[in-house]
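> Got a structure for you, written out below as structure tokens; questions coming shortly.
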Amino acid sequence: MNEITITINGQPHQVAPQTSVLDLLTTLGHAEQGMALAINQAIISRSEWSEHLLQQDDDISLFQAIAGG
Amino acid sequence: MLSDAETLRYSRHLLLSNVGEAGQLKLKQAKVLIMGMGGLGAPASMYLAAAGVGNLVLADFDELDVSNLQRQISYDASQVGLHKVDAAKARLAGLNCEVRIRGIKKKMDAKQLAMEVAMADLVLDCTDNLSSRHLISQVCCQAKKPLIVGAGIRLEGQLMMFDFSQPDSACYHCLFPSTQEQTLNCSNSGVLGPIVGTIGSLQALEAIKYLVGLPSGINNQLKLFDGLTLNWQSFAISRDPACPVCSAHE
């Protein structure tokens, strides 16, 4: 099957169709705690990561909680 | 009614159609709880005192360290070793003696925090660790009090608001469910002073807007600030239906 193209923090990335958010983060080694993820400027809750499937041209932002102040 | 002295002092607010005398009186009657008096709390408290917010409660158990002076701009070198809330009280009283300021110098447990939050109209999270951030959000959610959260590290800032007085508000836990303390803070990663200065000032701006009745630009949103490019990114935060914190307080 053809791969789909997404961007992660602005960088293009190829993934297989039917890849979930959790699959992606596991592959990237970012599934650890403390990360948040948004697709097309909307945060995807951690409880939805395993079911939410990536779509062609998804714009993904990945970032960490900042505690400092 | 504002006194003549207040009319003079706040004349630049009174010129604004969306503040005016009615807004200034709302500020005067308001009570804001500021959790953490570091790089965020210092500028936030200065702007709120200057703006005439009538009651400020400052919570921080730290003493001023010389390494704080690089960014915590309400303090001066002669105050090193003092409790931050005492140093801040002196500074803010000098700025605006009409503001009533109370300091809390000990670490609060959930029960004490709940009492303080219940007495406040609005809470600013200006703390420096994840466990405090989670506790504050949980307590504000329970008490249905609006919460404005700021954070800064290195050259990055984060800003968000959860108005728990509104139904269906998301919470900090929906966004960052992990309570594990492995996150970045100023002592392990460093920070440029104007980063926390920017975020703390915007927390004060959002607080003033909320108190005078203006709509927030950040409710249920996360704003990320990149201090290298000066770019902002905005993300919508939806309530996580599986969140054990906010779904428990419907």
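Each chain of the structure tokens is named A, B, ... in the order shown, its residues numbered from 1; ligands are numbered from 1 in display order.
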Counting only C-alpha atoms, give me one row per residue of chain A with an atom at most 10 Å from an atom of chain B, showing the shortest contact pair and its distance in Å to one decimal, sorted by chain then residue number, as CSV.


residue,atom,partner,partner_atom,distance
A:Glu32,CA,B:Ser178,CA,9.2
A:Gln33,CA,B:Ser178,CA,5.5
A:Gly34,CA,B:Ser178,CA,5.5
A:Met35,CA,B:Phe176,CA,7.0
A:Ala36,CA,B:Phe176,CA,6.4
A:Leu37,CA,B:Leu175,CA,8.8
A:Ala38,CA,B:Phe235,CA,7.0
A:Ile39,CA,B:Phe235,CA,8.9
A:Asn40,CA,B:Phe235,CA,8.4
A:Gln41,CA,B:Phe235,CA,4.6
A:Ala42,CA,B:Ala236,CA,4.7
A:Ile43,CA,B:Ile237,CA,5.3
A:Ile44,CA,B:Ser238,CA,8.0
A:Ser45,CA,B:Asp240,CA,5.8
A:Arg46,CA,B:Pro177,CA,7.5
A:Ser47,CA,B:Ala242,CA,6.5
A:Glu48,CA,B:Asp240,CA,8.5
A:Ser61,CA,B:Phe235,CA,9.3
A:Phe63,CA,B:Leu224,CA,9.4
A:Gln64,CA,B:Thr183,CA,7.5
A:Ala65,CA,B:Thr183,CA,6.3
A:Ile66,CA,B:Leu184,CA,5.5
A:Ala67,CA,B:Asn129,CA,4.8
A:Gly68,CA,B:Asn185,CA,3.9
A:Gly69,CA,B:Asp128,CA,4.7

> Keeping only N, CA, C and O atoms, write the selected residues to a file as a CSV table (one decimal), in the first residue's frame.


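To be explicit, this is the file written out as again_32.csv:
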chain,number,residue,atom,x,y,z
A,32,GLU,N,6.8,8.2,25.5
A,32,GLU,CA,7.0,8.3,27.0
A,32,GLU,C,6.1,9.4,27.5
A,32,GLU,O,5.5,10.2,26.8
A,33,GLN,N,6.0,9.5,28.8
A,33,GLN,CA,5.2,10.4,29.5
A,33,GLN,C,5.7,11.8,29.3
A,33,GLN,O,6.8,12.0,28.9
A,34,GLY,N,4.8,12.8,29.5
A,34,GLY,CA,5.2,14.2,29.4
A,34,GLY,C,5.1,14.8,28.0
A,34,GLY,O,5.3,16.0,27.9
A,35,MET,N,4.7,14.0,27.0
A,35,MET,CA,4.6,14.6,25.7
A,35,MET,C,3.1,14.9,25.4
A,35,MET,O,2.2,14.2,25.9
A,36,ALA,N,2.9,15.9,24.6
A,36,ALA,CA,1.6,16.2,24.1
A,36,ALA,C,1.7,16.3,22.6
A,36,ALA,O,2.7,16.6,22.0
A,37,LEU,N,0.6,16.0,21.9
A,37,LEU,CA,0.6,16.0,20.5
A,37,LEU,C,-0.7,16.7,19.9
A,37,LEU,O,-1.8,16.5,20.5
A,38,ALA,N,-0.5,17.4,18.9
A,38,ALA,CA,-1.6,18.1,18.2
A,38,ALA,C,-1.6,17.7,16.8
A,38,ALA,O,-0.5,17.6,16.2
A,39,ILE,N,-2.8,17.5,16.2
A,39,ILE,CA,-2.9,17.4,14.7
A,39,ILE,C,-3.7,18.5,14.2
A,39,ILE,O,-4.8,18.8,14.7
A,40,ASN,N,-3.1,19.2,13.2
A,40,ASN,CA,-3.8,20.4,12.6
A,40,ASN,C,-4.3,21.3,13.7
A,40,ASN,O,-5.5,21.7,13.7
A,41,GLN,N,-3.4,21.7,14.7
A,41,GLN,CA,-3.7,22.6,15.7
A,41,GLN,C,-4.7,22.2,16.7
A,41,GLN,O,-5.2,23.1,17.5
A,42,ALA,N,-5.1,21.0,16.8
A,42,ALA,CA,-6.0,20.5,17.9
A,42,ALA,C,-5.3,19.4,18.7
A,42,ALA,O,-4.7,18.4,18.1
A,43,ILE,N,-5.3,19.5,20.0
A,43,ILE,CA,-4.6,18.5,20.8
A,43,ILE,C,-5.4,17.2,20.8
A,43,ILE,O,-6.6,17.2,20.8
A,44,ILE,N,-4.6,16.1,20.6
A,44,ILE,CA,-5.2,14.8,20.7
A,44,ILE,C,-5.0,14.2,22.1
A,44,ILE,O,-3.8,14.1,22.5
A,45,SER,N,-6.0,14.0,22.8
A,45,SER,CA,-5.9,13.4,24.2
A,45,SER,C,-5.2,12.1,24.1
A,45,SER,O,-5.4,11.3,23.2
A,46,ARG,N,-4.4,11.9,25.2
A,46,ARG,CA,-3.6,10.6,25.3
A,46,ARG,C,-4.5,9.4,25.2
A,46,ARG,O,-4.2,8.4,24.6
A,47,SER,N,-5.8,9.5,25.7
A,47,SER,CA,-6.7,8.3,25.7
A,47,SER,C,-7.1,8.0,24.3
A,47,SER,O,-7.7,6.9,24.0
A,48,GLU,N,-6.9,8.9,23.3
A,48,GLU,CA,-7.4,8.7,21.9
A,48,GLU,C,-6.2,8.3,21.0
A,48,GLU,O,-6.4,8.0,19.9
A,61,SER,N,2.2,18.4,15.6
A,61,SER,CA,3.1,19.1,16.5
A,61,SER,C,3.3,18.3,17.7
A,61,SER,O,2.3,17.8,18.3
A,63,PHE,N,5.2,18.2,21.5
A,63,PHE,CA,6.0,19.0,22.4
A,63,PHE,C,5.8,18.4,23.8
A,63,PHE,O,5.0,17.6,24.1
A,64,GLN,N,6.7,18.9,24.7
A,64,GLN,CA,6.8,18.4,26.1
A,64,GLN,C,6.2,19.5,27.0
A,64,GLN,O,6.2,20.7,26.7
A,65,ALA,N,5.7,19.0,28.1
A,65,ALA,CA,5.2,19.9,29.2
A,65,ALA,C,6.4,20.7,29.7
A,65,ALA,O,7.5,20.1,29.9
A,66,ILE,N,6.2,21.9,29.9
A,66,ILE,CA,7.3,22.8,30.5
A,66,ILE,C,6.8,23.1,31.9
A,66,ILE,O,5.7,23.5,32.1
A,67,ALA,N,7.7,22.8,32.9
A,67,ALA,CA,7.2,23.1,34.3
A,67,ALA,C,7.8,24.4,34.8
A,67,ALA,O,7.3,25.0,35.7
A,68,GLY,N,8.8,24.9,34.2
A,68,GLY,CA,9.6,26.1,34.7
A,68,GLY,C,8.8,27.4,34.8
A,68,GLY,O,7.9,27.6,34.1
A,69,GLY,N,9.3,28.1,35.8
A,69,GLY,CA,8.6,29.4,36.0
A,69,GLY,C,9.4,30.2,37.1
A,69,GLY,O,9.2,31.3,37.4

> Identify, with DSSP run on backbone atoms, the residues in stretch 11-44 of chain A assigned to strand (DSSP E or B), and express the list as JSON, numbers by chain.

{"A": [11, 12, 13, 14, 15, 20, 35, 36, 37, 38, 39, 42, 43]}

> May I have the residues from that selection written out with C-alpha atoms, as an mmCIF file, in the first residue's frame?


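Output file result.cif is given in full below:
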data_model
loop_
_atom_site.group_PDB
_atom_site.id
_atom_site.type_symbol
_atom_site.label_atom_id
_atom_site.label_comp_id
_atom_site.auth_asym_id
_atom_site.auth_seq_id
_atom_site.Cartn_x
_atom_site.Cartn_y
_atom_site.Cartn_z
ATOM 1 C CA GLN A 11 9.448 18.078 8.802
ATOM 2 C CA PRO A 12 7.870 15.795 6.144
ATOM 3 C CA HIS A 13 7.474 12.167 7.149
ATOM 4 C CA GLN A 14 6.144 9.018 5.453
ATOM 5 C CA VAL A 15 3.979 6.549 7.349
ATOM 6 C CA SER A 20 -2.306 5.407 14.759
ATOM 7 C CA MET A 35 4.605 14.581 25.681
ATOM 8 C CA ALA A 36 1.586 16.238 24.100
ATOM 9 C CA LEU A 37 0.560 15.950 20.480
ATOM 10 C CA ALA A 38 -1.613 18.094 18.231
ATOM 11 C CA ILE A 39 -2.887 17.352 14.738
ATOM 12 C CA ALA A 42 -5.977 20.480 17.872
ATOM 13 C CA ILE A 43 -4.597 18.548 20.837
#

> Give me the residues near B:Lys105 as a list in words, where near means some atom within 10 Å (using only C-alpha atoms) and where sequence neighbours in that chain fewer than 4 positions away do not count.

Leu58, Ala59, Asp60, Phe61, Asp62, Glu63, His83, Lys84, Val85 and Asp86 of chain B

> Within 12 Å of B:Cys141, counting only C-alpha atoms, which residues show up once you throw out same-chain ones fewer than 6 positions away? Write them as a list in words, please.

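So the residues in contact are Ala114, Val117, Ala118, Leu122, Val123, His134, Leu135, Leu147, Met161, Phe162, Asp163, Phe164, Ser165, Gln166, Pro167, Asp168, Ser169, Ala170, Cys171, Tyr172, His173, Cys174, Pro244, Val245, Cys246, Ser247, Ala248, His249 and Glu250 of chain B.
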
> Keeping N, CA and C atoms, export the residues of the selection given above as a CSV table (one decimal), in the first residue's frame.


chain,number,residue,atom,x,y,z
B,114,ALA,N,-7.3,24.3,48.6
B,114,ALA,CA,-8.7,24.4,48.3
B,114,ALA,C,-9.3,25.6,49.0
B,117,VAL,N,-8.1,28.8,47.2
B,117,VAL,CA,-8.7,28.9,45.8
B,117,VAL,C,-10.2,29.3,46.0
B,118,ALA,N,-10.9,28.7,47.0
B,118,ALA,CA,-12.3,29.1,47.2
B,118,ALA,C,-12.5,30.6,47.4
B,122,LEU,N,-9.8,34.3,40.9
B,122,LEU,CA,-9.0,33.9,39.7
B,122,LEU,C,-7.6,33.4,40.3
B,123,VAL,N,-7.1,32.4,39.6
B,123,VAL,CA,-5.8,31.8,40.1
B,123,VAL,C,-4.8,31.9,38.9
B,134,HIS,N,-0.3,20.1,38.5
B,134,HIS,CA,-1.5,19.2,38.5
B,134,HIS,C,-2.4,19.5,39.7
B,135,LEU,N,-1.8,19.7,40.9
B,135,LEU,CA,-2.7,19.9,42.1
B,135,LEU,C,-3.5,21.2,41.9
B,147,LEU,N,-8.4,29.5,35.8
B,147,LEU,CA,-7.0,29.3,36.1
B,147,LEU,C,-6.2,29.7,34.8
B,161,MET,N,-5.3,28.9,29.4
B,161,MET,CA,-6.3,29.2,30.4
B,161,MET,C,-7.4,28.2,30.4
B,162,PHE,N,-7.8,27.8,31.6
B,162,PHE,CA,-9.0,26.9,31.8
B,162,PHE,C,-10.0,27.6,32.7
B,163,ASP,N,-11.1,28.0,32.1
B,163,ASP,CA,-12.1,28.7,32.9
B,163,ASP,C,-13.1,27.7,33.4
B,164,PHE,N,-12.8,27.2,34.6
B,164,PHE,CA,-13.6,26.1,35.1
B,164,PHE,C,-15.0,26.5,35.6
B,165,SER,N,-15.2,27.9,35.5
B,165,SER,CA,-16.6,28.3,35.8
B,165,SER,C,-17.5,28.0,34.7
B,166,GLN,N,-16.9,27.7,33.5
B,166,GLN,CA,-17.7,27.3,32.3
B,166,GLN,C,-17.8,25.8,32.3
B,167,PRO,N,-19.0,25.3,31.8
B,167,PRO,CA,-19.1,23.8,31.6
B,167,PRO,C,-18.2,23.4,30.5
B,168,ASP,N,-17.8,22.1,30.6
B,168,ASP,CA,-17.0,21.5,29.5
B,168,ASP,C,-15.6,22.1,29.4
B,169,SER,N,-15.1,22.7,30.4
B,169,SER,CA,-13.7,23.2,30.3
B,169,SER,C,-12.8,22.0,30.4
B,170,ALA,N,-11.7,22.0,29.5
B,170,ALA,CA,-10.7,21.0,29.7
B,170,ALA,C,-9.8,21.4,30.9
B,171,CYS,N,-8.9,20.6,31.2
B,171,CYS,CA,-8.0,20.9,32.4
B,171,CYS,C,-6.6,20.5,32.0
B,172,TYR,N,-5.6,20.9,32.9
B,172,TYR,CA,-4.2,20.7,32.7
B,172,TYR,C,-3.9,19.2,32.5
B,173,HIS,N,-4.6,18.4,33.2
B,173,HIS,CA,-4.4,16.9,33.1
B,173,HIS,C,-4.9,16.4,31.7
B,174,CYS,N,-5.9,17.0,31.1
B,174,CYS,CA,-6.3,16.6,29.7
B,174,CYS,C,-5.1,16.7,28.8
B,244,PRO,N,-9.4,11.6,34.4
B,244,PRO,CA,-9.9,11.3,35.7
B,244,PRO,C,-10.1,12.5,36.6
B,245,VAL,N,-9.5,13.6,36.1
B,245,VAL,CA,-9.6,14.9,37.0
B,245,VAL,C,-10.9,15.6,36.7
B,246,CYS,N,-11.0,16.1,35.4
B,246,CYS,CA,-12.2,17.0,35.2
B,246,CYS,C,-13.5,16.3,34.9
B,247,SER,N,-13.4,15.0,34.5
B,247,SER,CA,-14.6,14.3,34.3
B,247,SER,C,-15.2,13.9,35.7
B,248,ALA,N,-14.4,13.9,36.7
B,248,ALA,CA,-14.9,13.6,38.1
B,248,ALA,C,-15.6,14.7,38.7
B,249,HIS,N,-15.5,15.9,38.2
B,249,HIS,CA,-16.0,17.1,38.8
B,249,HIS,C,-17.1,17.8,38.0
B,250,GLU,N,-17.9,17.0,37.3
B,250,GLU,CA,-19.0,17.6,36.5
B,250,GLU,C,-20.1,18.1,37.3

> As a PyMOL selection string, please: the residues near A:Asn2 (cut-off 12 Å, only C-alpha atoms, same-chain neighbours under 3 positions excluded).

chain A and resi 5+14-18+56

> Go ahead and save the residues from that selection, with N, CA and C atoms, as a PDB file, in the first residue's frame.


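Output below, filename selection_24.pdb:
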ATOM      1  N   THR A   5       1.856  10.927   3.485  1.00  0.00           N
ATOM      2  CA  THR A   5       2.826  11.935   3.913  1.00  0.00           C
ATOM      3  C   THR A   5       2.201  12.835   4.978  1.00  0.00           C
ATOM      4  N   GLN A  14       7.001  10.013   6.108  1.00  0.00           N
ATOM      5  CA  GLN A  14       6.144   9.018   5.453  1.00  0.00           C
ATOM      6  C   GLN A  14       5.720   7.978   6.497  1.00  0.00           C
ATOM      7  N   VAL A  15       4.440   7.643   6.491  1.00  0.00           N
ATOM      8  CA  VAL A  15       3.979   6.549   7.349  1.00  0.00           C
ATOM      9  C   VAL A  15       3.026   5.655   6.559  1.00  0.00           C
ATOM     10  N   ALA A  16       2.846   4.426   7.031  1.00  0.00           N
ATOM     11  CA  ALA A  16       1.906   3.500   6.379  1.00  0.00           C
ATOM     12  C   ALA A  16       0.474   3.952   6.673  1.00  0.00           C
ATOM     13  N   PRO A  17      -0.448   3.678   5.752  1.00  0.00           N
ATOM     14  CA  PRO A  17      -1.855   3.957   6.073  1.00  0.00           C
ATOM     15  C   PRO A  17      -2.261   3.161   7.316  1.00  0.00           C
ATOM     16  N   GLN A  18      -3.295   3.613   7.990  1.00  0.00           N
ATOM     17  CA  GLN A  18      -3.793   2.946   9.210  1.00  0.00           C
ATOM     18  C   GLN A  18      -2.789   3.036  10.369  1.00  0.00           C
ATOM     19  N   GLN A  56      -3.468  11.584   5.374  1.00  0.00           N
ATOM     20  CA  GLN A  56      -2.592  12.296   4.440  1.00  0.00           C
ATOM     21  C   GLN A  56      -2.588  13.796   4.773  1.00  0.00           C
TER      22      GLN A  56
END

> Extract, using only C-alpha atoms, all DNA, RNA and protein residues at most 10 Å from stretch 17-29 of chain B, discarding same-chain residues fewer than 4 positions from it, and format them as a PyMOL selection string.

chain B and resi 1-2+6-7+10-13+48-49+51-55+98-100+121+207-214

> If you measure from atom CA of B:Gly227 to atom CA of A:Thr7, what distance in Å do you get, rounded to one decimal?

22.1 Å

> Please identify all polymer residues within 9 Å of stretch 66-69 of chain B, counting only C-alpha atoms, omitting same-chain residues fewer than 3 positions from it, and present them as a ChimeraX atom specification.

/B:38-39,72-77,80-81
